[in-house]
>>> print(open('target_27.txt').read())   # compact mmCIF, C-alpha atoms
# COMPACT_ATOMS: atom_id res chain seq x y z
CA MET A 1 -1.17 -24.33 0.20
CA GLY A 2 -1.35 -21.43 -2.22
CA MET A 3 0.84 -18.36 -2.19
CA ILE A 4 -2.25 -16.10 -1.99
CA GLU A 5 -5.47 -17.44 -0.47
CA VAL A 6 -8.71 -15.44 -0.49
CA ARG A 7 -11.81 -16.77 1.24
CA ASP A 8 -15.26 -15.11 1.14
CA LEU A 9 -13.65 -11.67 0.92
CA ALA A 10 -15.91 -8.65 1.46
CA VAL A 11 -14.74 -5.02 1.42
CA ARG A 12 -16.47 -1.73 2.18
CA ARG A 13 -15.55 1.77 1.14
CA GLY A 14 -17.41 3.99 3.56
CA THR A 15 -20.90 2.55 3.87
CA ARG A 16 -20.88 0.89 0.45
CA LEU A 17 -20.07 -2.79 0.03
CA VAL A 18 -17.79 -2.79 -3.03
CA LEU A 19 -16.72 -6.43 -2.99
CA GLU A 20 -18.46 -9.51 -1.63
CA GLY A 21 -17.78 -13.25 -1.63
CA ALA A 22 -14.52 -13.40 -3.58
CA THR A 23 -12.83 -16.78 -3.14
CA PHE A 24 -9.76 -18.15 -4.92
CA THR A 25 -6.20 -19.39 -4.42
CA ALA A 26 -3.22 -18.22 -6.48
CA HIS A 27 -0.36 -20.71 -6.53
CA PRO A 28 3.43 -20.30 -6.85
CA GLY A 29 4.35 -19.76 -10.49
CA GLU A 30 0.85 -18.58 -11.43
CA CYS A 31 -0.33 -15.36 -13.04
CA LEU A 32 -3.94 -14.78 -11.97
CA ALA A 33 -5.67 -11.95 -13.83
CA ILE A 34 -8.49 -9.94 -12.27
CA VAL A 35 -10.90 -8.50 -14.83
CA GLY A 36 -14.25 -6.78 -14.88
CA PRO A 37 -15.96 -3.50 -15.82
CA ASN A 38 -15.10 -0.20 -14.18
CA GLY A 39 -16.29 -0.14 -10.57
CA SER A 40 -16.56 -3.92 -10.26
CA GLY A 41 -14.19 -4.10 -7.27
CA LYS A 42 -10.84 -4.98 -8.87
CA SER A 43 -8.70 -2.30 -7.22
CA SER A 44 -10.51 -2.76 -3.90
CA MET A 45 -9.65 -6.45 -4.05
CA ILE A 46 -5.96 -5.72 -4.66
CA SER A 47 -5.89 -3.16 -1.82
CA ALA A 48 -7.55 -5.57 0.60
CA ILE A 49 -5.20 -8.42 -0.29
CA ALA A 50 -2.27 -6.05 0.17
CA GLY A 51 -3.51 -5.10 3.63
CA ASP A 52 -3.99 -1.47 2.60
CA LEU A 53 -7.79 -1.60 2.88
CA PRO A 54 -9.68 -3.12 5.83
CA VAL A 55 -11.50 -6.40 5.22
CA ASP A 56 -15.18 -6.30 6.15
CA ARG A 57 -15.51 -10.07 6.12
CA GLY A 58 -13.50 -13.10 5.06
CA GLN A 59 -9.83 -13.94 5.13
CA VAL A 60 -6.68 -13.26 3.16
CA ARG A 61 -3.46 -15.22 3.61
CA ILE A 62 -0.15 -14.66 1.85
CA HIS A 63 2.32 -17.50 2.15
CA GLY A 64 0.11 -18.98 4.84
CA ARG A 65 0.11 -15.86 6.99
CA PRO A 66 -2.99 -13.71 7.56
CA VAL A 67 -2.80 -10.09 6.49
CA GLY A 68 -1.62 -8.17 9.54
CA ASP A 69 1.46 -6.20 10.53
CA HIS A 70 2.29 -3.84 7.67
CA ARG A 71 6.06 -4.29 7.96
CA GLU A 72 5.69 -8.05 7.77
CA GLN A 73 3.33 -7.70 4.82
CA SER A 74 5.89 -5.60 2.97
CA ARG A 75 8.23 -8.58 3.08
CA LEU A 76 5.57 -10.90 1.68
CA ARG A 77 4.01 -8.82 -1.11
CA ALA A 78 4.89 -5.89 -3.33
CA VAL A 79 2.18 -3.65 -4.75
CA MET A 80 2.02 -1.55 -7.90
CA GLY A 81 -1.07 0.65 -7.82
CA GLN A 82 -2.88 2.37 -10.67
CA GLN A 83 -1.60 5.79 -9.70
CA THR A 84 2.06 6.50 -9.04
CA SER A 85 3.06 9.88 -7.64
CA VAL A 86 6.12 11.13 -5.81
CA ALA A 87 5.71 14.41 -3.93
CA PHE A 88 9.41 15.27 -3.73
CA GLY A 89 12.23 15.51 -6.24
CA PHE A 90 13.81 12.09 -5.78
CA THR A 91 15.80 10.56 -8.58
CA VAL A 92 14.63 7.37 -10.25
CA LYS A 93 17.51 5.51 -8.61
CA GLU A 94 16.45 6.70 -5.16
CA VAL A 95 12.83 5.72 -5.73
CA VAL A 96 13.71 2.19 -6.83
CA GLU A 97 16.11 1.79 -3.89
CA MET A 98 13.30 2.72 -1.48
CA ALA A 99 11.85 -0.71 -2.23
CA ARG A 100 14.53 -2.28 -0.05
CA ALA A 101 13.36 -0.43 3.10
CA PRO A 102 11.38 -3.40 4.51
CA TRP A 103 14.56 -5.46 4.55
CA GLY A 104 16.86 -2.78 5.95
CA ASP A 105 19.64 -3.90 3.60
CA SER A 106 20.16 -0.80 1.47
CA GLY A 107 23.70 -0.69 0.14
CA GLN A 108 24.37 -4.37 0.71
CA ALA A 109 25.32 -6.61 -2.19
CA GLY A 110 22.00 -8.47 -2.30
CA ALA A 111 20.00 -5.24 -2.32
CA GLN A 112 22.17 -3.73 -5.03
CA ARG A 113 21.73 -6.83 -7.16
CA ALA A 114 17.94 -6.77 -6.69
CA VAL A 115 17.80 -3.10 -7.70
CA LYS A 116 20.05 -3.65 -10.72
CA GLU A 117 17.97 -6.58 -11.98
CA ALA A 118 14.73 -4.64 -11.48
CA VAL A 119 16.08 -1.60 -13.30
CA GLU A 120 17.13 -3.76 -16.25
CA SER A 121 13.80 -5.63 -16.35
CA ALA A 122 11.82 -2.39 -16.42
CA ASP A 123 14.17 -0.68 -18.90
CA VAL A 124 14.76 2.40 -16.74
CA GLY A 125 18.56 2.29 -16.54
CA HIS A 126 18.90 5.39 -18.71
CA LEU A 127 16.54 7.28 -16.38
CA LEU A 128 18.34 6.67 -13.07
CA ASP A 129 19.57 10.25 -12.59
CA ARG A 130 16.29 11.86 -13.69
CA ASP A 131 13.97 13.58 -11.24
CA VAL A 132 10.85 11.38 -11.11
CA GLN A 133 8.66 14.48 -11.34
CA SER A 134 10.06 15.10 -14.83
CA LEU A 135 9.01 11.72 -16.23
CA SER A 136 6.20 10.93 -18.63
CA GLY A 137 3.33 8.75 -17.48
CA GLY A 138 4.76 5.68 -19.18
CA GLU A 139 8.24 6.27 -17.77
CA LEU A 140 6.81 6.69 -14.28
CA ALA A 141 4.86 3.44 -14.64
CA ARG A 142 8.05 1.61 -15.54
CA VAL A 143 9.80 3.09 -12.50
CA ALA A 144 6.92 1.87 -10.33
CA PHE A 145 7.26 -1.60 -11.85
CA ALA A 146 11.01 -1.58 -11.18
CA ARG A 147 10.39 -0.61 -7.58
CA THR A 148 7.86 -3.44 -7.21
CA LEU A 149 10.36 -6.00 -8.53
CA ALA A 150 13.21 -4.60 -6.42
CA GLN A 151 11.23 -5.21 -3.24
CA GLY A 152 12.06 -8.88 -3.69
CA THR A 153 8.80 -10.42 -2.46
CA GLN A 154 7.30 -13.71 -3.60
CA ALA A 155 3.82 -12.23 -4.17
CA LEU A 156 3.30 -9.41 -6.69
CA LEU A 157 0.06 -7.39 -6.78
CA LEU A 158 -0.13 -5.29 -9.95
CA ASP A 159 -3.05 -2.98 -10.71
CA GLU A 160 -3.11 -2.14 -14.44
CA PRO A 161 0.70 -2.28 -14.77
CA VAL A 162 0.79 -1.72 -18.54
CA ALA A 163 -2.08 0.75 -19.04
CA ALA A 164 0.32 3.63 -19.78
CA LEU A 165 2.93 1.64 -21.71
CA ASP A 166 3.69 1.31 -25.41
CA LEU A 167 3.67 -2.13 -27.00
CA ALA A 168 7.41 -2.77 -26.64
CA HIS A 169 7.37 -2.00 -22.92
CA GLN A 170 4.23 -4.08 -22.38
CA VAL A 171 6.19 -7.01 -23.77
CA LYS A 172 9.14 -6.22 -21.49
CA VAL A 173 6.92 -6.08 -18.41
CA PHE A 174 5.31 -9.44 -19.08
CA ASP A 175 8.63 -11.02 -20.05
CA ALA A 176 10.04 -9.85 -16.71
CA LEU A 177 6.95 -11.11 -14.92
CA ALA A 178 7.20 -14.50 -16.64
CA ALA A 179 10.81 -14.81 -15.46
CA ARG A 180 9.68 -14.22 -11.85
CA LEU A 181 6.90 -16.76 -12.21
CA ARG A 182 9.38 -19.38 -13.39
CA GLU A 183 11.26 -18.77 -10.13
CA GLY A 184 8.09 -19.57 -8.15
CA HIS A 185 6.68 -16.10 -7.58
CA THR A 186 2.93 -15.45 -7.76
CA ALA A 187 1.24 -12.53 -9.51
CA LEU A 188 -2.23 -11.03 -9.23
CA VAL A 189 -2.68 -8.63 -12.14
CA VAL A 190 -5.61 -6.32 -12.83
CA LEU A 191 -6.05 -5.90 -16.60
CA HIS A 192 -8.66 -4.41 -18.91
CA ASP A 193 -7.36 -5.77 -22.23
CA LEU A 194 -9.06 -9.16 -22.49
CA THR A 195 -6.90 -10.21 -25.44
CA LEU A 196 -3.82 -9.55 -23.32
CA VAL A 197 -5.38 -11.53 -20.47
CA SER A 198 -5.72 -14.61 -22.66
CA ALA A 199 -2.07 -14.29 -23.70
CA VAL A 200 -0.44 -13.86 -20.28
CA ALA A 201 -2.75 -15.24 -17.57
CA ASP A 202 -2.91 -18.81 -16.30
CA ARG A 203 -6.32 -18.22 -14.73
CA VAL A 204 -8.84 -15.39 -14.54
CA VAL A 205 -11.16 -14.01 -11.87
CA LEU A 206 -14.09 -12.18 -13.47
CA LEU A 207 -15.88 -9.61 -11.31
CA SER A 208 -19.18 -7.83 -11.85
CA GLN A 209 -20.81 -5.32 -9.51
CA GLY A 210 -18.59 -6.40 -6.63
CA ARG A 211 -19.18 -10.13 -7.02
CA GLN A 212 -17.06 -12.93 -8.42
CA VAL A 213 -18.85 -14.22 -11.51
CA ALA A 214 -16.32 -16.74 -12.81
CA LEU A 215 -12.94 -18.32 -12.06
CA GLY A 216 -11.04 -20.44 -14.54
CA THR A 217 -8.64 -20.49 -17.44
CA PRO A 218 -8.86 -17.71 -20.03
CA ALA A 219 -10.58 -20.13 -22.40
CA GLU A 220 -13.21 -20.86 -19.76
CA VAL A 221 -13.80 -17.25 -18.69
CA ILE A 222 -13.19 -15.09 -21.77
CA THR A 223 -16.23 -16.32 -23.69
CA PRO A 224 -18.78 -14.35 -25.71
CA GLU A 225 -21.53 -15.43 -23.31
CA LEU A 226 -19.79 -14.28 -20.11
CA ILE A 227 -18.42 -11.09 -21.67
CA GLU A 228 -21.87 -10.06 -22.89
CA GLN A 229 -23.38 -10.93 -19.48
CA VAL A 230 -20.84 -8.83 -17.56
CA TYR A 231 -19.89 -6.02 -19.96
CA GLY A 232 -23.13 -5.80 -21.93
CA VAL A 233 -21.24 -6.00 -25.22
CA ALA A 234 -21.65 -8.71 -27.85
CA THR A 235 -18.23 -10.03 -28.87
CA GLU A 236 -16.48 -12.54 -31.05
CA VAL A 237 -13.48 -14.45 -29.73
CA ARG A 238 -10.88 -15.37 -32.35
CA THR A 239 -7.80 -17.50 -31.72
CA VAL A 240 -4.48 -15.86 -32.63
CA GLY A 241 -1.65 -18.16 -31.58
CA ARG A 242 -1.98 -18.68 -27.82
CA ALA A 243 -4.13 -15.59 -27.37
CA LYS A 244 -7.81 -15.22 -28.05
CA ALA A 245 -8.66 -11.83 -29.52
CA THR A 246 -11.87 -10.46 -28.00
CA ILE A 247 -13.50 -8.15 -30.54
CA PRO A 248 -16.86 -6.33 -30.23
CA SER A 249 -19.22 -7.83 -32.77
CA ALA A 250 -20.12 -4.35 -34.02
CA TRP A 251 -16.50 -3.92 -35.19
CA CYS A 252 -16.32 -7.24 -37.05
>>> encode(input="target_27.txt", output="structure tokens")
Amino acid sequence: MGMIEVRDLAVRRGTRLVLEGATFTAHPGECLAIVGPNGSGKSSMISAIAGDLPVDRGQVRIHGRPVGDHREQSRLRAVMGQQTSVAFGFTVKEVVEMARAPWGDSGQAGAQRAVKEAVESADVGHLLDRDVQSLSGGELARVAFARTLAQGTQALLLDEPVAALDLAHQVKVFDALAARLREGHTALVVLHDLTLVSAVADRVVLLSQGRQVALGTPAEVITPELIEQVYGVATEVRTVGRAKATIPSAWC
């Protein structure tokens, strides 16, 4: 049994079918990347798996349990969305500690340890007393990542977690994620940088116009043929260590 199981998933936003027929299983210890052009259904997929968006058809299970009661879901999965905003002047420390609400253990030793480890992993210790509304976009993204880790769930759903981060903090995020994966966690990660995908993902789901086009290892999915088919851009794929750099042919 996989940590996250998706079967024939279809999702609507209003009257429009934005995702149809997605099927895959993400296993403990696996980083599964979700890629595709803008508007291909990536964020809708994450929201539906999280239980934040109604499923039009199909089934989602996390740790063998169907998506249902929101409080129970919050103990099974943690979600980092594309946009992070806090309407009130909470400190960074308060925002990260909010992640422990599903467990009702705020202030207890285990909760404090989870928050401390998350803060260190996201490199936000020096920001703890700052008002979150005073942070830069990159700092706020790191706080959101810390909060996601502090929630202490086995399944992590991350929608473009490093889009606003500099190179050093991108490395920190994926180092922290790799440590969780070694402990048996599972991560679904939406990414746009295909070179980064080939470096960090175990497998890849490729979406196009709301449909799943391919599922496999980065070497199987990040190919010039599939990238041109889906993105409409001719590319060259060059091996650089473990990663495969995906470069538009016009730039070569």
>>> residues_around(input="target_27.txt", residues="segment 217-221 of chain A", least_positions_apart="2", cutoff="6 Å", atoms="all atoms listed in the file", output="ChimeraX atom specification")
/A:198,203-204,223
>>> atom_distance(input="target_27.txt", atom1="atom CA of Val92 of chain A", atom2="atom CA of Met45 of chain A")
28.6 Å
>>> atom_distance(input="target_27.txt", atom1="atom CA of Gly210 of chain A", atom2="atom CA of Pro224 of chain A")
20.7 Å
>>> atom_distance(input="target_27.txt", atom1="atom CA of Trp103 of chain A", atom2="atom CA of Ser74 of chain A")
8.8 Å
>>> closest_residue(input="target_27.txt", among="A:Met3, A:His192, A:Arg211, A:Asp159", to="Leu19 of chain A", atoms="all atoms listed in the file")
A:Arg211
>>> residues_around(input="target_27.txt", residues="Glu5 of chain A", least_positions_apart="3", cutoff="7 Å", atoms="only C-alpha atoms", output="list in words")
Gly2, Phe24, Thr25, Ala26, Val60, Arg61 and Ile62 of chain A
>>> residues_around(input="target_27.txt", residues="Ala144 of chain A", least_positions_apart="2", cutoff="10 Å", atoms="all atoms listed in the file", output="list in words")
Val79, Met80, Gly81, Gln82, Gln83, Thr84, Ser85, Val92, Val95, Val96, Ala99, Ala122, Gly138, Glu139, Leu140, Ala141, Arg142, Ala146, Arg147, Thr148, Leu149, Ala150 and Pro161 of chain A
>>> closest_residue(input="target_27.txt", among="A:Leu177, A:Val11, A:Leu196, A:Leu206", to="Gln59 of chain A", atoms="all atoms listed in the file")
A:Val11
>>> residues_around(input="target_27.txt", residues="Ile222 of chain A", least_positions_apart="6", cutoff="10 Å", atoms="only C-alpha atoms", output="list in words")
Val35, Leu194, Thr195, Val197, Ser198, Val204, Leu206, Ala214, Gly216, Val237, Lys244, Ala245 and Thr246 of chain A
>>> write_last_selection(input="target_27.txt", atoms="C-alpha atoms", output="short mmCIF file (atom, residue, chain, number, x, y, z; two decimals), keeping the file's coordinate frame")
data_model
loop_
_atom_site.label_atom_id
_atom_site.label_comp_id
_atom_site.auth_asym_id
_atom_site.auth_seq_id
_atom_site.Cartn_x
_atom_site.Cartn_y
_atom_site.Cartn_z
CA VAL A 35 -10.90 -8.50 -14.83
CA LEU A 194 -9.06 -9.16 -22.49
CA THR A 195 -6.90 -10.21 -25.44
CA VAL A 197 -5.38 -11.53 -20.47
CA SER A 198 -5.72 -14.61 -22.66
CA VAL A 204 -8.84 -15.39 -14.54
CA LEU A 206 -14.09 -12.18 -13.47
CA ALA A 214 -16.32 -16.74 -12.81
CA GLY A 216 -11.04 -20.44 -14.54
CA VAL A 237 -13.48 -14.45 -29.73
CA LYS A 244 -7.81 -15.22 -28.05
CA ALA A 245 -8.66 -11.83 -29.52
CA THR A 246 -11.87 -10.46 -28.00
#
>>> residues_around(input="target_27.txt", residues="Asp131 of chain A", least_positions_apart="2", cutoff="7 Å", atoms="all atoms listed in the file", output="ChimeraX atom specification")
/A:89-92,129,133-134
>>> closest_residue(input="target_27.txt", among="A:Leu156, A:Val205, A:Cys252, A:Ala101", to="Gly184 of chain A", atoms="only C-alpha atoms")
A:Leu156
>>> closest_residue(input="target_27.txt", among="A:Ser44, A:Gln108, A:Gln209, A:Asn38", to="Arg12 of chain A", atoms="all atoms listed in the file")
A:Ser44
>>> closest_residue(input="target_27.txt", among="A:Pro102, A:Gly152, A:Gly39, A:Gly107", to="Leu17 of chain A", atoms="only C-alpha atoms")
A:Gly39
>>> closest_residue(input="target_27.txt", among="A:Asp8, A:Asp202, A:Glu117, A:Glu236", to="Ala22 of chain A", atoms="all atoms listed in the file")
A:Asp8
